[in-house]
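File shown: final.txt (compact mmCIF, C-alpha atoms).
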```
# COMPACT_ATOMS: atom_id res chain seq x y z
CA MET A 763 59.14 57.18 103.84
CA SER A 764 62.23 59.04 102.58
CA THR A 765 62.03 62.70 101.62
CA GLN A 766 61.92 63.18 97.84
CA PRO A 767 63.39 66.17 95.93
CA ASN A 768 59.86 67.21 95.03
CA ASP A 769 58.95 67.20 98.73
CA ILE A 770 61.85 69.53 99.49
CA GLU A 771 60.57 72.04 96.93
CA ARG A 772 57.12 71.98 98.47
CA LEU A 773 58.50 72.29 102.00
CA VAL A 774 60.59 75.31 101.01
CA SER A 775 57.55 76.87 99.32
CA LEU A 776 55.55 76.27 102.51
CA ALA A 777 58.29 77.85 104.66
CA LEU A 778 58.27 80.87 102.34
CA GLY A 779 54.48 81.11 102.43
CA GLU A 780 54.20 80.63 98.68
CA LEU A 781 51.77 77.68 98.57
CA GLU A 782 48.09 78.08 97.81
CA PRO A 783 45.94 77.39 100.93
CA ALA A 784 44.79 73.97 99.73
CA ALA A 785 48.32 72.85 98.85
CA ALA A 786 49.64 74.22 102.14
CA GLN A 787 46.98 72.31 104.06
CA GLU A 788 47.89 69.10 102.25
CA VAL A 789 51.60 69.51 103.12
CA ARG A 790 50.73 70.32 106.76
CA ARG A 791 48.66 67.15 106.94
CA ARG A 792 51.66 65.13 105.78
CA LEU A 793 53.89 66.90 108.32
CA GLU A 794 51.61 65.70 111.10
CA GLN A 795 51.84 62.13 109.88
CA GLU A 796 55.52 61.89 108.84
CA PRO A 797 58.05 62.77 111.57
CA ALA A 798 61.06 62.64 109.20
CA LEU A 799 59.37 65.06 106.83
CA ARG A 800 58.49 67.33 109.74
CA GLU A 801 62.09 67.33 110.94
CA THR A 802 63.29 68.28 107.45
CA TYR A 803 60.69 71.04 107.31
CA GLU A 804 61.75 72.45 110.67
CA ARG A 805 65.37 72.64 109.56
CA LEU A 806 64.40 74.28 106.25
CA ALA A 807 62.14 76.78 108.03
CA GLN A 808 65.01 77.62 110.38
CA GLY A 809 67.22 78.21 107.34
CA VAL A 810 64.61 80.47 105.75
CA SER A 811 64.18 82.41 108.98
CA PHE A 812 67.95 82.85 109.27
CA LEU A 813 68.34 84.03 105.67
CA ARG A 814 65.54 86.55 106.12
CA ALA A 815 67.08 87.90 109.34
CA GLU A 816 70.54 88.00 107.86
CA THR A 817 69.77 90.67 105.29
CA GLY A 818 70.89 94.10 106.40
CA ALA A 819 72.42 92.91 109.67
CA ALA A 820 75.99 93.85 108.85
CA PRO A 821 78.25 96.45 110.41
CA SER A 822 79.23 99.51 108.38
CA ASP A 823 82.49 99.25 106.52
CA ASP A 824 83.93 101.98 108.79
CA ALA A 825 83.12 99.96 111.93
CA LEU A 826 84.54 96.80 110.36
CA GLN A 827 87.79 98.47 109.37
CA ALA A 828 88.10 100.20 112.75
CA ALA A 829 87.79 96.81 114.48
CA LYS A 830 90.47 95.38 112.20
CA ARG A 831 92.84 98.22 113.12
CA LEU A 832 92.41 97.51 116.84
CA LEU A 833 94.88 94.68 117.19
CA ARG A 834 97.53 96.48 115.17
CA ASP A 835 97.13 99.63 117.28
CA ALA A 836 96.95 97.70 120.56
CA ARG A 837 100.01 95.56 119.96
CA PRO A 838 102.78 97.93 121.16
CA GLY A 839 100.88 98.44 124.43
CA ALA A 840 100.22 94.75 124.77
CA MET A 841 103.88 93.89 124.30
CA GLU A 842 104.87 96.49 126.87
CA ARG A 843 102.39 95.01 129.36
CA LEU A 844 103.68 91.50 128.76
CA SER A 845 107.29 92.52 129.29
CA ASP A 846 106.86 94.02 132.79
CA GLY A 847 106.91 90.61 134.46
CA LEU A 848 103.32 90.83 135.73
CA ARG A 849 100.98 87.92 135.04
CA ARG A 850 97.67 89.32 133.81
CA LEU A 851 94.32 87.61 133.64
CA VAL A 852 90.97 88.88 132.48
CA ALA A 853 87.99 87.67 134.51
CA SER A 854 84.90 86.47 132.64
CA LEU A 855 81.38 87.42 133.66
CA ASP A 856 79.55 84.43 135.15
CA PHE A 857 76.26 86.10 135.86
CA ASP A 858 74.63 89.44 136.40
CA THR A 859 71.20 89.43 138.03
CA ARG A 860 70.22 92.37 135.84
CA LEU A 861 70.76 90.18 132.77
CA THR A 862 69.24 87.01 134.17
CA PRO A 863 66.22 88.06 136.21
CA ALA A 864 65.12 84.51 136.91
CA MET A 865 68.34 83.88 138.77
CA ALA A 866 67.72 86.21 141.67
CA GLY A 867 64.59 88.16 141.07
CA ILE A 868 66.62 91.35 141.27
CA ARG A 869 66.43 93.45 138.19
CA GLY A 870 67.58 96.74 136.69
CA GLY A 871 65.99 99.81 138.18
CA ALA A 872 65.75 98.09 141.57
CA THR A 873 68.08 98.86 144.45
CA ALA A 874 70.53 96.03 144.03
CA ALA A 875 72.28 93.71 141.66
CA GLN A 876 74.64 90.83 142.10
CA VAL A 877 77.43 90.29 139.63
CA ALA A 878 79.95 87.46 139.57
CA PHE A 879 83.18 87.18 137.61
CA SER A 880 85.68 84.35 137.53
CA SER A 881 89.24 83.81 136.42
CA GLU A 882 91.64 80.92 136.84
CA ALA A 883 93.21 82.62 139.86
CA ALA A 884 90.18 83.99 141.71
CA ASP A 885 86.40 84.43 141.69
CA ILE A 886 84.96 87.86 142.30
CA ASP A 887 81.47 88.46 143.73
CA LEU A 888 80.03 91.96 143.71
CA GLU A 889 76.86 93.40 145.18
CA ILE A 890 75.62 96.78 144.04
CA THR A 891 73.22 98.72 146.24
CA GLN A 892 71.89 102.28 146.24
CA GLY A 893 74.18 104.54 148.26
CA GLU A 894 73.86 108.11 149.43
CA GLY A 895 72.36 110.53 146.89
CA GLU A 896 73.63 109.76 143.41
CA THR A 897 76.18 107.18 144.48
CA TRP A 898 76.16 103.39 144.57
CA MET A 899 77.79 101.10 147.09
CA ILE A 900 79.78 98.17 145.74
CA ALA A 901 80.61 95.41 148.20
CA GLY A 902 83.03 92.84 146.87
CA GLN A 903 84.64 89.58 147.85
CA ILE A 904 87.65 88.10 146.06
CA ASP A 905 87.92 84.35 146.57
CA ALA A 906 91.34 82.98 145.73
CA ASP A 907 93.02 79.69 146.60
CA GLU A 908 95.37 81.51 148.98
CA GLU A 909 93.97 84.02 151.41
CA GLY A 910 95.50 87.47 151.54
CA ASP A 911 95.11 91.15 150.77
CA TRP A 912 94.67 92.72 147.35
CA SER A 913 95.14 96.24 146.06
CA ILE A 914 92.43 97.42 143.68
CA THR A 915 92.60 100.17 141.10
CA ILE A 916 89.24 101.31 139.76
CA VAL A 917 89.35 102.82 136.30
CA ASP A 918 86.68 104.81 134.48
CA ARG A 919 86.33 103.07 131.12
CA ALA A 920 85.27 106.23 129.31
CA SER A 921 88.22 108.39 130.34
CA GLU A 922 90.65 105.55 131.21
CA GLY A 923 91.38 107.61 134.34
CA VAL A 924 91.94 106.09 137.79
CA VAL A 925 88.90 106.78 139.99
CA ARG A 926 89.94 105.05 143.24
CA GLU A 927 92.77 102.99 144.67
CA ILE A 928 91.60 100.81 147.54
CA HIS A 929 92.77 97.91 149.67
CA ALA A 930 90.87 94.61 150.06
CA ARG A 931 91.73 92.98 153.37
CA ASP A 932 91.38 89.20 153.01
CA GLY A 933 89.72 89.92 149.66
CA ALA A 934 86.80 91.95 151.07
CA PHE A 935 86.18 95.53 150.01
CA ARG A 936 83.54 98.24 149.85
CA VAL A 937 83.62 101.29 147.66
CA GLU A 938 81.16 104.02 146.72
CA LEU A 939 80.96 104.98 143.05
CA GLU A 940 78.91 107.26 140.86
CA ALA A 941 77.01 105.92 137.86
CA GLY A 942 79.35 104.88 135.08
CA SER A 943 81.20 102.03 133.48
CA TYR A 944 84.30 100.81 135.30
CA ALA A 945 87.11 98.28 135.18
CA LEU A 946 88.57 96.91 138.42
CA ARG A 947 92.23 95.90 138.40
CA LEU A 948 92.97 93.57 141.28
CA ARG A 949 96.62 93.16 142.09
CA ARG A 950 98.59 90.92 144.41
CA GLY A 951 102.24 89.91 144.11
CA GLY A 952 103.02 89.35 140.46
CA LEU A 953 99.39 88.88 139.46
CA GLU A 954 96.82 91.31 138.08
CA ILE A 955 93.19 90.41 137.31
CA GLU A 956 91.08 92.75 135.25
CA VAL A 957 87.38 92.69 136.13
CA GLY A 958 84.83 94.45 133.97
CA PRO A 959 83.21 96.18 132.39
CA LEU A 960 81.19 96.84 135.51
CA GLN A 961 78.18 99.00 134.79
CA ILE A 962 76.88 101.13 137.68
CA PRO A 963 73.99 101.02 138.31
CA MET B 855 100.85 69.26 102.92
CA ARG B 856 98.22 71.47 101.31
CA LYS B 857 97.35 74.46 103.46
CA LYS B 858 93.72 74.70 104.61
CA PRO B 859 91.81 77.74 103.37
CA GLU B 860 91.95 80.56 105.94
CA SER B 861 88.18 80.35 106.43
CA HIS B 862 88.56 76.74 107.67
CA ALA B 863 91.07 77.59 110.42
CA SER B 864 89.83 76.81 113.93
CA ASP B 865 89.14 79.62 116.38
CA ALA B 866 91.93 78.36 118.66
CA ASP B 867 94.38 78.52 115.76
CA LEU B 868 93.24 82.02 114.80
CA VAL B 869 93.48 83.28 118.38
CA ALA B 870 96.98 81.82 118.76
CA ARG B 871 98.02 83.53 115.53
CA CYS B 872 96.47 86.83 116.67
CA LEU B 873 98.53 86.61 119.86
CA ALA B 874 101.60 85.97 117.74
CA GLY B 875 100.88 89.26 116.00
CA GLU B 876 99.45 88.06 112.68
CA ASP B 877 97.13 90.75 111.30
CA GLY B 878 95.52 88.39 108.80
CA ALA B 879 94.30 86.07 111.56
CA TRP B 880 92.60 88.94 113.39
CA SER B 881 90.91 90.01 110.19
CA THR B 882 89.65 86.47 109.55
CA LEU B 883 88.33 86.19 113.10
CA ILE B 884 86.42 89.46 112.75
CA ASP B 885 85.03 88.50 109.33
CA ARG B 886 83.84 85.18 110.77
CA TYR B 887 81.93 86.76 113.64
CA ALA B 888 81.12 90.26 112.35
CA ARG B 889 77.48 89.50 111.59
CA LEU B 890 76.97 87.55 114.81
CA VAL B 891 78.19 90.50 116.89
CA TYR B 892 76.35 93.12 114.87
CA SER B 893 73.09 91.16 114.80
CA ILE B 894 72.67 91.37 118.59
CA PRO B 895 72.33 95.16 119.06
CA ALA B 896 70.44 95.32 115.76
CA ARG B 897 67.82 92.77 116.87
CA HIS B 898 67.29 94.69 120.09
CA GLY B 899 66.43 97.85 118.20
CA LEU B 900 69.62 99.86 118.59
CA SER B 901 70.24 102.41 115.84
CA ARG B 902 72.83 101.72 113.18
CA GLN B 903 75.23 104.14 114.90
CA ASP B 904 74.74 102.54 118.32
CA SER B 905 75.05 99.06 116.81
CA ASP B 906 78.32 100.07 115.16
CA ASP B 907 79.54 101.44 118.51
CA VAL B 908 78.66 98.19 120.30
CA PHE B 909 80.40 96.27 117.50
CA GLN B 910 83.63 98.23 118.01
CA ASP B 911 83.47 98.09 121.81
CA VAL B 912 83.11 94.30 121.72
CA TRP B 913 86.19 93.88 119.54
CA ALA B 914 88.12 96.30 121.76
CA LEU B 915 87.27 94.02 124.69
CA ALA B 916 88.19 90.97 122.60
CA VAL B 917 91.69 92.34 122.07
CA LYS B 918 92.11 92.48 125.84
CA HIS B 919 90.63 89.02 126.32
CA LEU B 920 92.59 87.22 123.61
CA ASN B 921 94.78 85.51 126.17
CA THR B 922 91.81 83.97 127.93
CA LEU B 923 89.95 83.09 124.72
CA ARG B 924 92.77 80.70 123.88
CA ASP B 925 91.72 78.48 126.76
CA GLY B 926 88.45 76.64 127.01
CA GLN B 927 85.58 78.97 126.33
CA THR B 928 84.55 79.17 122.70
CA VAL B 929 84.97 82.46 120.92
CA ALA B 930 81.33 82.46 119.78
CA ALA B 931 80.00 82.01 123.31
CA TRP B 932 82.25 84.75 124.67
CA LEU B 933 81.25 87.13 121.87
CA ILE B 934 77.53 86.48 122.40
CA THR B 935 77.70 87.08 126.15
CA THR B 936 79.87 90.17 125.81
CA THR B 937 77.77 91.69 123.03
CA GLN B 938 74.57 91.08 124.98
CA ARG B 939 76.10 92.86 127.95
CA GLU B 940 77.28 95.82 125.87
CA THR B 941 73.86 96.02 124.18
CA TRP B 942 72.15 96.05 127.54
CA ARG B 943 74.54 98.77 128.73
CA VAL B 944 73.62 101.01 125.76
CA LEU B 945 69.90 100.32 126.20
CA ARG B 946 70.13 101.20 129.88
CA LYS B 947 72.05 104.39 129.10
CA ARG B 948 69.39 105.38 126.58
CA THR B 949 66.47 104.74 128.93
CA PRO B 950 67.72 104.80 132.57
CA THR B 951 64.19 104.07 133.78
CA PRO B 952 62.99 101.49 131.29
CA THR B 953 59.50 101.67 129.81
CA SER B 954 57.59 98.39 129.73
CA GLU B 955 58.58 98.00 126.08
CA ALA B 956 62.26 98.57 126.88
CA ALA B 957 61.99 96.21 129.84
CA GLU B 958 60.59 93.55 127.53
CA VAL B 959 63.55 94.00 125.17
CA GLU B 960 65.96 93.89 128.09
CA ALA B 961 64.34 90.77 129.52
CA GLU B 962 65.24 88.78 126.42
CA ILE B 963 68.90 89.72 126.54
CA GLY B 964 71.03 86.99 127.99
CA THR B 965 68.32 84.36 128.13
CA HIS B 966 69.16 80.79 127.23
CA ALA B 967 66.66 80.93 124.36
CA GLU B 968 68.39 83.91 122.80
CA PHE B 969 71.79 82.32 123.26
CA GLU B 970 70.59 79.16 121.46
CA LEU B 971 69.05 81.20 118.65
CA LEU B 972 72.25 83.20 118.12
CA GLU B 973 74.43 80.10 118.22
CA GLY B 974 72.14 78.35 115.73
CA ARG B 975 72.26 81.32 113.39
CA GLN B 976 76.06 81.42 113.61
CA ARG B 977 76.18 77.74 112.58
CA LEU B 978 73.95 78.57 109.60
CA ARG B 979 76.15 81.58 108.77
CA GLU B 980 79.26 79.41 108.76
CA ALA B 981 77.48 76.77 106.67
CA LEU B 982 76.48 79.48 104.19
CA ALA B 983 80.14 80.48 103.92
CA ARG B 984 81.03 76.86 103.08
CA LEU B 985 78.20 76.43 100.61
CA GLY B 986 79.57 76.23 97.07
CA GLU B 987 78.43 78.28 94.10
CA PRO B 988 75.95 78.87 92.61
CA CYS B 989 74.05 77.99 95.80
CA ARG B 990 75.49 80.72 97.99
CA ALA B 991 75.03 83.45 95.38
CA LEU B 992 71.48 82.26 94.66
CA LEU B 993 70.39 82.22 98.31
CA GLU B 994 72.01 85.57 99.02
CA ALA B 995 70.28 87.09 95.99
CA LEU B 996 66.89 85.60 96.84
CA PHE B 997 66.89 86.82 100.44
CA ARG B 998 68.32 90.31 99.91
CA GLU B 999 66.12 93.16 101.10
CA ASP B 1000 66.25 94.68 97.62
CA ARG B 1001 65.77 91.33 95.88
CA PRO B 1002 66.15 91.54 92.12
CA SER B 1003 63.54 89.90 89.90
CA TYR B 1004 63.86 86.21 89.04
CA ASP B 1005 64.75 87.26 85.47
CA VAL B 1006 67.68 89.34 86.71
CA ILE B 1007 68.87 86.60 89.09
CA ALA B 1008 68.64 84.03 86.29
CA GLU B 1009 70.71 86.22 84.02
CA GLN B 1010 73.30 87.07 86.70
CA LEU B 1011 73.78 83.41 87.59
CA SER B 1012 73.51 82.10 84.02
CA MET B 1013 70.67 79.86 85.10
CA PRO B 1014 67.38 79.11 83.33
CA ARG B 1015 64.63 81.03 85.09
CA GLY B 1016 62.56 77.87 85.49
CA SER B 1017 65.29 76.14 87.47
CA ILE B 1018 65.50 78.82 90.18
CA GLY B 1019 62.74 77.21 92.29
CA PRO B 1020 64.17 73.65 92.29
CA THR B 1021 67.74 74.93 92.71
CA ARG B 1022 66.65 77.14 95.60
CA ALA B 1023 65.15 74.11 97.34
CA ARG B 1024 68.25 71.95 96.77
CA CYS B 1025 70.54 74.73 98.02
CA LEU B 1026 68.52 75.33 101.18
CA HIS B 1027 68.46 71.61 101.87
CA LYS B 1028 72.23 71.43 101.37
CA LEU B 1029 72.67 74.39 103.72
CA THR B 1030 70.76 72.61 106.49
CA GLU B 1031 72.76 69.42 105.88
CA LEU B 1032 76.02 71.33 106.27
CA VAL B 1033 74.78 72.66 109.61
CA GLU B 1034 74.00 69.13 110.77
CA GLU B 1035 77.43 67.85 109.69
CA ALA B 1036 79.41 70.63 111.38
CA PRO B 1037 80.71 70.00 114.89
CA LYS B 1038 79.27 72.36 117.49
CA GLY B 1039 81.84 74.97 118.52
CA ARG B 1040 85.23 75.39 116.87
```
Before we go any further, please render this structure as structure tokens.
Amino acid sequence: MSTQPNDIERLVSLALGELEPAAAQEVRRRLEQEPALRETYERLAQGVSFLRAETGAAPSDDALQAAKRLLRDARPGAMERLSDGLRRLVASLDFDTRLTPAMAGIRGGATAAQVAFSSEAADIDLEITQGEGETWMIAGQIDADEEGDWSITIVDRASEGVVREIHARDGAFRVELEAGSYALRLRRGGLEIEVGPLQIP
Amino acid sequence: MRKKPESHASDADLVARCLAGEDGAWSTLIDRYARLVYSIPARHGLSRQDSDDVFQDVWALAVKHLNTLRDGQTVAAWLITTTQRETWRVLRKRTPTPTSEAAEVEAEIGTHAEFELLEGRQRLREALARLGEPCRALLEALFREDRPSYDVIAEQLSMPRGSIGPTRARCLHKLTELVEEAPKGR
């Protein structure tokens, strides 16, 4: 049986909780018996739920305008970076065991996490374990099509300052860091891959 | 050929135009996804200030990632994953040793179910933007936190009060149809 305009009104009223108990029961009975009607109801209920959640969930005008200024402000730097002949890639996060507990059973607050990033030139696997005192040990492996060494610059995202410059022989490296949020810039030949943000711990 | 409205431009087109230095494209991209990004820290209980900070941090990262967004991965998916990660980072900073309540909030971040929910809501958001008037204005008025009375809505929309109920139902139905018609991803 096709859904009639009158049915739609009643389904919307049900989704909004506006029907009297007897009328609501009658509509629910029909939903059990008519799959097409039930499907329409589920979509309408999803729409109602969305519209309810949507109210108030908007950034402040200041935050919105600040985000819109970002590209304009970033452009001179971006052009400068593009003109130095270096090919730059930004690696995407594939998984972080702290975000997907089912994946590894290792979760925030524990002693270790595994984080994987990938880019078109290389995949980067990182393992974070508790180090000495307040520090954390990061063991990494860069897997690229061609084997070889990489130089790595570790930058504190808050201050933009360089924290460490290390060497990854055949792509393997270990470094001890304090808690913080970092970006790793991996460089080899004319290629640079930015990895991050990497949150420690 | 008639130019498509800016709001109908594909993400790939907008990203390419951002990379070419077109301010308007960047603004359109942010307007399209502003509520998606903001809704993630907000639904995980971050304060308005923290949610605004996450919002700005995500777009700062997006500027750096524009080159990679052009290829393959959809902008919405990248924004969801990145915003979840930034939200988690702020939550963790706020409570380094999570309480069971905080752990419960954290556990939902990044799950497939949340990703599906956020993607579904973004499709509804985009359908709402395409919904003609008076439907869009009516639905926005009816679901506002400070919803005006039906009399006020009827007057504002020049609509008989008695037709608000049936129109509301038709508009909601049309909204869900627009979602069904839209291709997934841009």
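The shell of residues at most 10 Å from Ala930 in chain B, with all atoms listed in the file counted and near chain neighbours (fewer than 5 positions) removed, consists of B:Asp865, B:Arg886, B:Tyr887, B:Leu890, B:Val891, B:Leu923, B:Thr935, B:Thr936, B:Leu972, B:Glu973, B:Gln976, B:Gly1039, B:Arg1040.
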Residues of chain A within 6 Å of chain B, counting all atoms listed in the file, as JSON, numbers by chain: {"A": [771, 774, 814, 817, 819, 820, 821, 825, 829, 830, 861]}
Interatomic distance, CA of Ala930 in chain A to CA of Leu946 in chain A (Å, one decimal): 12.1 Å
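Of note, CA of Arg919 in chain A and CA of Ala931 in chain B are spaced 23.3 Å apart.
Of the residues under consideration (A:Glu922, A:Glu956, A:Glu927, A:Glu804), A:Glu956 shows the shortest atom-to-atom contact distance to Ala884 in chain A when counting all atoms listed in the file.
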Between CA of Gly951 in chain A and CA of Gly910 in chain A - distance in Å to one decimal: 10.3 Å
Distance query 12 Å from (50.8, 74.1, 97.3) using all atoms listed in the file, result as a ChimeraX atom specification: /A:768-769,771-790
Shell around Ser943 in chain A at 7 Å using all atoms listed in the file, local window under 3 positions removed, as a list in words: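 The neighbour list is Asp918, Arg919, Pro959, Leu960, Gln961 and Ile962 of chain A.
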